[in-house]
$ cat data24.pdb   # PDB, C-alpha atoms
ATOM      1  CA  MET A  73       0.000   0.000   0.000
ATOM      2  CA  SER A  74       1.360   3.435  -0.863
ATOM      3  CA  HIS A  75       0.292   6.990  -1.396
ATOM      4  CA  THR A  76       1.505   9.422  -4.017
ATOM      5  CA  LEU A  77       1.452  13.171  -3.575
ATOM      6  CA  PHE A  78       0.492  14.979  -6.772
ATOM      7  CA  GLY A  79       0.874  18.665  -7.524
ATOM      8  CA  ASP A  80      -0.675  20.295 -10.580
ATOM      9  CA  LEU A  81       0.303  23.851 -11.454
ATOM     10  CA  HIS A  82      -1.681  25.518 -14.236
ATOM     11  CA  LEU A  83       0.271  27.927 -16.416
ATOM     12  CA  GLU A  84      -0.254  30.729 -18.897
ATOM     13  CA  ALA A  85      -1.280  29.345 -22.277
ATOM     14  CA  GLY A  86       0.597  29.996 -25.508
ATOM     15  CA  LYS A  87       4.147  29.064 -24.540
ATOM     16  CA  GLY A  88       5.936  25.888 -25.623
ATOM     17  CA  THR A  89       8.082  23.304 -23.888
ATOM     18  CA  SER A  90      11.355  25.090 -24.652
ATOM     19  CA  TYR A  91       9.998  28.021 -22.597
ATOM     20  CA  TRP A  92       8.720  26.039 -19.581
ATOM     21  CA  TRP A  93      11.423  23.384 -19.078
ATOM     22  CA  PRO A  94      14.288  25.848 -18.383
ATOM     23  CA  LEU A  95      12.094  27.533 -15.763
ATOM     24  CA  ILE A  96      11.332  24.151 -14.194
ATOM     25  CA  PHE A  97      15.058  23.255 -14.180
ATOM     26  CA  GLU A  98      15.845  26.609 -12.538
ATOM     27  CA  ALA A  99      13.114  26.377  -9.892
ATOM     28  CA  LEU A 100      13.982  22.848  -8.809
ATOM     29  CA  GLY A 101      17.725  23.510  -9.028
ATOM     30  CA  GLU A 102      17.394  26.472  -6.646
ATOM     31  CA  GLY A 103      16.040  24.047  -4.095
ATOM     32  CA  SER A 104      17.319  20.618  -3.248
ATOM     33  CA  PHE A 105      16.555  18.738  -6.466
ATOM     34  CA  HIS A 106      18.902  17.985  -9.361
ATOM     35  CA  LEU A 107      18.766  16.171 -12.695
ATOM     36  CA  SER A 108      21.859  13.953 -12.535
ATOM     37  CA  THR A 109      20.889  10.361 -11.813
ATOM     38  CA  PRO A 110      22.482   8.950  -8.630
ATOM     39  CA  GLY A 111      25.145   6.331  -9.365
ATOM     40  CA  GLN A 112      25.737   7.752 -12.857
ATOM     41  CA  PRO A 113      28.326  10.286 -14.046
ATOM     42  CA  GLN A 114      27.381  13.965 -13.688
ATOM     43  CA  GLY A 115      25.035  15.062 -16.497
ATOM     44  CA  ILE A 116      23.393  11.663 -17.031
ATOM     45  CA  VAL A 117      19.630  12.061 -16.559
ATOM     46  CA  THR A 118      16.660   9.713 -16.310
ATOM     47  CA  TYR A 119      13.205  10.183 -17.753
ATOM     48  CA  TRP A 120      10.197   8.331 -19.118
ATOM     49  CA  HIS A 121       8.584   8.876 -22.506
ATOM     50  CA  ARG A 122       6.173   7.283 -24.936
ATOM     51  CA  GLN A 123       7.399   6.265 -28.354
ATOM     52  CA  PRO A 124       5.312   8.277 -30.840
ATOM     53  CA  LYS A 125       5.226   5.626 -33.621
ATOM     54  CA  PRO A 126       3.904   3.043 -33.194
ATOM     55  CA  PRO A 127       2.065   4.066 -30.014
ATOM     56  CA  GLY A 128       3.665   2.241 -27.157
ATOM     57  CA  GLY A 129       4.002   2.160 -23.422
ATOM     58  CA  LEU A 130       6.321   4.263 -21.319
ATOM     59  CA  GLN A 131      10.005   3.742 -21.975
ATOM     60  CA  HIS A 132      12.577   4.362 -19.221
ATOM     61  CA  VAL A 133      15.632   6.218 -20.592
ATOM     62  CA  THR A 134      18.971   7.168 -18.991
ATOM     63  CA  VAL A 135      20.975   9.438 -21.299
ATOM     64  CA  PRO A 136      23.239  12.509 -21.330
ATOM     65  CA  PHE A 137      21.337  15.751 -20.706
ATOM     66  CA  ARG A 138      21.884  16.855 -24.323
ATOM     67  CA  ALA A 139      19.795  13.932 -25.617
ATOM     68  CA  LEU A 140      16.961  14.902 -23.262
ATOM     69  CA  TRP A 141      17.205  18.545 -24.336
ATOM     70  CA  ASP A 142      17.061  17.521 -28.015
ATOM     71  CA  GLU A 143      13.880  15.582 -27.272
ATOM     72  CA  ILE A 144      12.362  18.553 -25.424
ATOM     73  CA  CYS A 145      13.185  20.961 -28.272
ATOM     74  CA  GLY A 146      11.939  18.511 -30.899
ATOM     75  CA  GLU A 147       8.577  18.255 -29.090
ATOM     76  CA  VAL A 148       8.223  14.709 -30.441
ATOM     77  CA  THR A 149       7.306  13.228 -27.072
ATOM     78  CA  ASP A 150       6.349  14.572 -23.662
ATOM     79  CA  PRO A 151       9.030  13.360 -21.242
ATOM     80  CA  ARG A 152       8.409  12.729 -17.547
ATOM     81  CA  ILE A 153      11.706  13.799 -16.006
ATOM     82  CA  MET A 154      13.084  12.576 -12.683
ATOM     83  CA  PHE A 155      14.532  15.223 -10.335
ATOM     84  CA  TRP A 156      16.516  13.717  -7.457
ATOM     85  CA  LEU A 157      16.683  15.049  -3.909
ATOM     86  CA  SER A 158      20.307  15.941  -3.145
ATOM     87  CA  GLY A 159      21.920  13.403  -0.838
ATOM     88  CA  GLU A 160      19.049  10.908  -1.173
ATOM     89  CA  ASP A 161      19.478   8.264  -3.890
ATOM     90  CA  ASP A 162      15.911   6.957  -3.650
ATOM     91  CA  VAL A 163      13.904  10.194  -3.420
ATOM     92  CA  TYR A 164      12.785  11.895  -6.614
ATOM     93  CA  LEU A 165      10.046  13.966  -8.178
ATOM     94  CA  ASP A 166       8.520  12.839 -11.452
ATOM     95  CA  VAL A 167       7.810  16.050 -13.440
ATOM     96  CA  ALA A 168       5.928  16.421 -16.736
ATOM     97  CA  LEU A 169       4.342  19.140 -18.842
ATOM     98  CA  HIS A 170       0.803  18.377 -19.970
ATOM     99  CA  TYR A 171      -0.903  20.150 -22.854
ATOM    100  CA  GLN A 172      -4.588  19.864 -23.562
ATOM    101  CA  GLN A 173      -6.870  21.604 -25.997
ATOM    102  CA  GLU A 174      -9.489  23.722 -24.276
ATOM    103  CA  PRO A 175     -13.022  24.194 -25.692
ATOM    104  CA  ARG A 176     -12.135  27.803 -26.600
ATOM    105  CA  ASP A 177      -9.484  26.380 -28.974
ATOM    106  CA  GLU A 178      -6.696  27.349 -26.586
ATOM    107  CA  ARG A 179      -3.845  25.106 -25.461
ATOM    108  CA  HIS A 180      -3.849  24.731 -21.691
ATOM    109  CA  VAL A 181      -0.522  23.953 -19.995
ATOM    110  CA  ARG A 182      -0.039  22.203 -16.666
ATOM    111  CA  ILE A 183       3.051  21.065 -14.751
ATOM    112  CA  GLY A 184       2.368  17.693 -13.157
ATOM    113  CA  VAL A 185       4.573  16.674 -10.235
ATOM    114  CA  ALA A 186       4.374  13.254  -8.574
ATOM    115  CA  PHE A 187       6.114  12.198  -5.357
ATOM    116  CA  ALA A 188       5.732   8.540  -4.457
ATOM    117  CA  GLY A 189       4.642   8.386  -0.824
ATOM    118  CA  ALA A 190       6.335   5.030  -0.452
ATOM    119  CA  ASN A 191       9.504   7.076  -0.065
ATOM    120  CA  VAL A 192       8.292   8.381   3.308
ATOM    121  CA  MET A 193       5.825   5.790   4.584
ATOM    122  CA  GLU A 194       8.528   3.607   6.136
ATOM    123  CA  GLU A 195      10.679   6.501   7.385
ATOM    124  CA  SER A 196      10.845   8.013  10.849
ATOM    125  CA  THR A 197       8.559  10.968  11.501
ATOM    126  CA  ALA A 198      11.538  13.357  11.388
ATOM    127  CA  GLU A 199      12.784  11.972   8.039
ATOM    128  CA  ALA A 200       9.287  11.961   6.518
ATOM    129  CA  LYS A 201       8.793  15.579   7.624
ATOM    130  CA  TYR A 202      12.173  16.530   6.100
ATOM    131  CA  ARG A 203      11.417  14.875   2.747
ATOM    132  CA  LEU A 204       7.865  16.214   2.498
ATOM    133  CA  GLY A 205       9.164  19.662   3.450
ATOM    134  CA  LYS A 206      11.633  19.525   0.541
ATOM    135  CA  VAL A 207       8.860  18.458  -1.856
ATOM    136  CA  LEU A 208       6.514  21.239  -0.715
ATOM    137  CA  ASP A 209       9.358  23.762  -0.985
ATOM    138  CA  ALA A 210      10.003  22.581  -4.572
ATOM    139  CA  LEU A 211       6.319  22.997  -5.442
ATOM    140  CA  LYS A 212       6.319  26.524  -3.980
ATOM    141  CA  ARG A 213       9.411  27.398  -6.039
ATOM    142  CA  LEU A 214       7.712  26.108  -9.203
ATOM    143  CA  LEU A 215       4.603  28.136  -8.375
ATOM    144  CA  VAL A 216       6.623  31.352  -7.989
ATOM    145  CA  VAL A 217       9.177  30.924 -10.811
ATOM    146  CA  CYS A 218       6.634  29.736 -13.392
ATOM    147  CA  GLN A 219       3.986  32.195 -12.144
ATOM    148  CA  ALA A 220       1.268  29.555 -12.134
ATOM    149  CA  THR A 221      -2.264  30.888 -12.439
ATOM    150  CA  TRP A 222      -3.523  28.279  -9.951
ATOM    151  CA  GLY A 223      -2.609  24.888  -8.563
ATOM    152  CA  GLU A 224      -3.761  21.938  -6.546
ATOM    153  CA  LEU A 225      -2.116  19.371  -4.309
ATOM    154  CA  TYR A 226      -3.643  15.990  -3.537
ATOM    155  CA  TRP A 227      -2.866  12.445  -2.359
ATOM    156  CA  GLU A 228      -3.775   9.317  -4.288
ATOM    157  CA  HIS A 229      -3.852   5.843  -2.793
ATOM    158  CA  ALA A 230      -2.484   2.819  -4.651
ATOM    159  CA  GLY A 231      -2.312  -0.822  -3.699
ATOM    160  CA  ALA A 232      -4.131  -3.072  -1.279
ATOM    161  CA  ALA A 233      -4.419  -2.567   2.462
TER
END
$ encode --input "data24.pdb" --output "structure tokens"
Amino acid sequence: MSHTLFGDLHLEAGKGTSYWWPLIFEALGEGSFHLSTPGQPQGIVTYWHRQPKPPGGLQHVTVPFRALWDEICGEVTDPRIMFWLSGEDDVYLDVALHYQQEPRDERHVRIGVAFAGANVMEESTAEAKYRLGKVLDALKRLLVVCQATWGELYWEHAGAA
């Protein structure tokens, strides 16, 4: 049984991925999260993406940052990028940009952030408070840096009791 904390930040429409991702990198980098995958050389990043043709499931990718940036700029897929908590090899945020067409023919943009609660459920109260504090601080930084128009934070339950 686990819980996942989700944060959705709704952004100004009309801007593309090459505008939003650098702001996301900056906001999370100012805090305690970084892109480099633990156990890998500096600059090696991990993300998930769907292969556009043929439609497939999520593919887990660990590559140099440049390959990720090329994918972001190409806007071929929508990556879900892992940002790691400094000093903690098993704590990360899963961050994605979501675009959807609104009825008024306007593209709506949302940053989706997921934090698997399993990372704190087995920890001491002090450690869980520390980790959740870092996650909430990261969400606040995203809210301010990206100037979100509104946001929501919620828990989802997964698994059997």
$ axis_aligned_box --input "data24.pdb" --around "region 214-223 of chain A" --padding-each-side "8 Å" --output "JSON"
{"center_x": 2.8, "center_y": 28.5, "center_z": -10.7, "size_x": 28.7, "size_y": 23.3, "size_z": 21.4}
$ resolve_selection --input "data24.pdb" --expression "the PyMOL selection byres ((chain A and resi 140) around 12)" --output "PyMOL selection string"
chain A and resi 90+93+107-108+115-121+133-139+141-154
$ closest_residue --input "data24.pdb" --among "A:Arg213, A:Arg182, A:His106, A:His75" --to "Trp92 (chain A)" --atoms "all atoms listed in the file"
A:Arg182
$ closest_residue --input "data24.pdb" --among "A:Arg203, A:Leu130, A:Glu224, A:Tyr171" --to "Val185 (chain A)" --atoms "all atoms listed in the file"
A:Glu224
$ resolve_selection --input "data24.pdb" --expression "the PyMOL selection byres ((chain A and resi 158-161) around 12)" --output "number ranges by chain"
A: 100-112, 154-157, 162-165, 191-192, 199, 202-203, 206-207
$ write_last_selection --input "data24.pdb" --atoms "C-alpha atoms" --output "compact mmCIF listing (two decimals), in the frame of the given file"
# COMPACT_ATOMS: atom_id res chain seq x y z
CA LEU A 100 13.98 22.85 -8.81
CA GLY A 101 17.73 23.51 -9.03
CA GLU A 102 17.39 26.47 -6.65
CA GLY A 103 16.04 24.05 -4.10
CA SER A 104 17.32 20.62 -3.25
CA PHE A 105 16.56 18.74 -6.47
CA HIS A 106 18.90 17.98 -9.36
CA LEU A 107 18.77 16.17 -12.70
CA SER A 108 21.86 13.95 -12.54
CA THR A 109 20.89 10.36 -11.81
CA PRO A 110 22.48 8.95 -8.63
CA GLY A 111 25.14 6.33 -9.36
CA GLN A 112 25.74 7.75 -12.86
CA MET A 154 13.08 12.58 -12.68
CA PHE A 155 14.53 15.22 -10.34
CA TRP A 156 16.52 13.72 -7.46
CA LEU A 157 16.68 15.05 -3.91
CA ASP A 162 15.91 6.96 -3.65
CA VAL A 163 13.90 10.19 -3.42
CA TYR A 164 12.78 11.90 -6.61
CA LEU A 165 10.05 13.97 -8.18
CA ASN A 191 9.50 7.08 -0.06
CA VAL A 192 8.29 8.38 3.31
CA GLU A 199 12.78 11.97 8.04
CA TYR A 202 12.17 16.53 6.10
CA ARG A 203 11.42 14.88 2.75
CA LYS A 206 11.63 19.52 0.54
CA VAL A 207 8.86 18.46 -1.86
$ atom_distance --input "data24.pdb" --atom1 "CA of Ala186 (chain A)" --atom2 "CA of Asp166 (chain A)"
5.1 Å
$ closest_residue --input "data24.pdb" --among "A:Leu204, A:Ala168, A:Ala188, A:Ala99" --to "Thr76 (chain A)" --atoms "all atoms listed in the file"
A:Ala188
$ closest_residue --input "data24.pdb" --among "A:His180, A:Val167, A:Gly86, A:Leu95" --to "Gln219 (chain A)" --atoms "only C-alpha atoms"
A:Leu95
$ atom_distance --input "data24.pdb" --atom1 "CA of Lys201 (chain A)" --atom2 "CA of Leu225 (chain A)"
16.6 Å
$ closest_residue --input "data24.pdb" --among "A:Met193, A:Ala85, A:Leu211, A:Leu77" --to "Tyr226 (chain A)" --atoms "all atoms listed in the file"
A:Leu77
$ atom_distance --input "data24.pdb" --atom1 "CA of Gly79 (chain A)" --atom2 "CA of Phe187 (chain A)"
8.6 Å
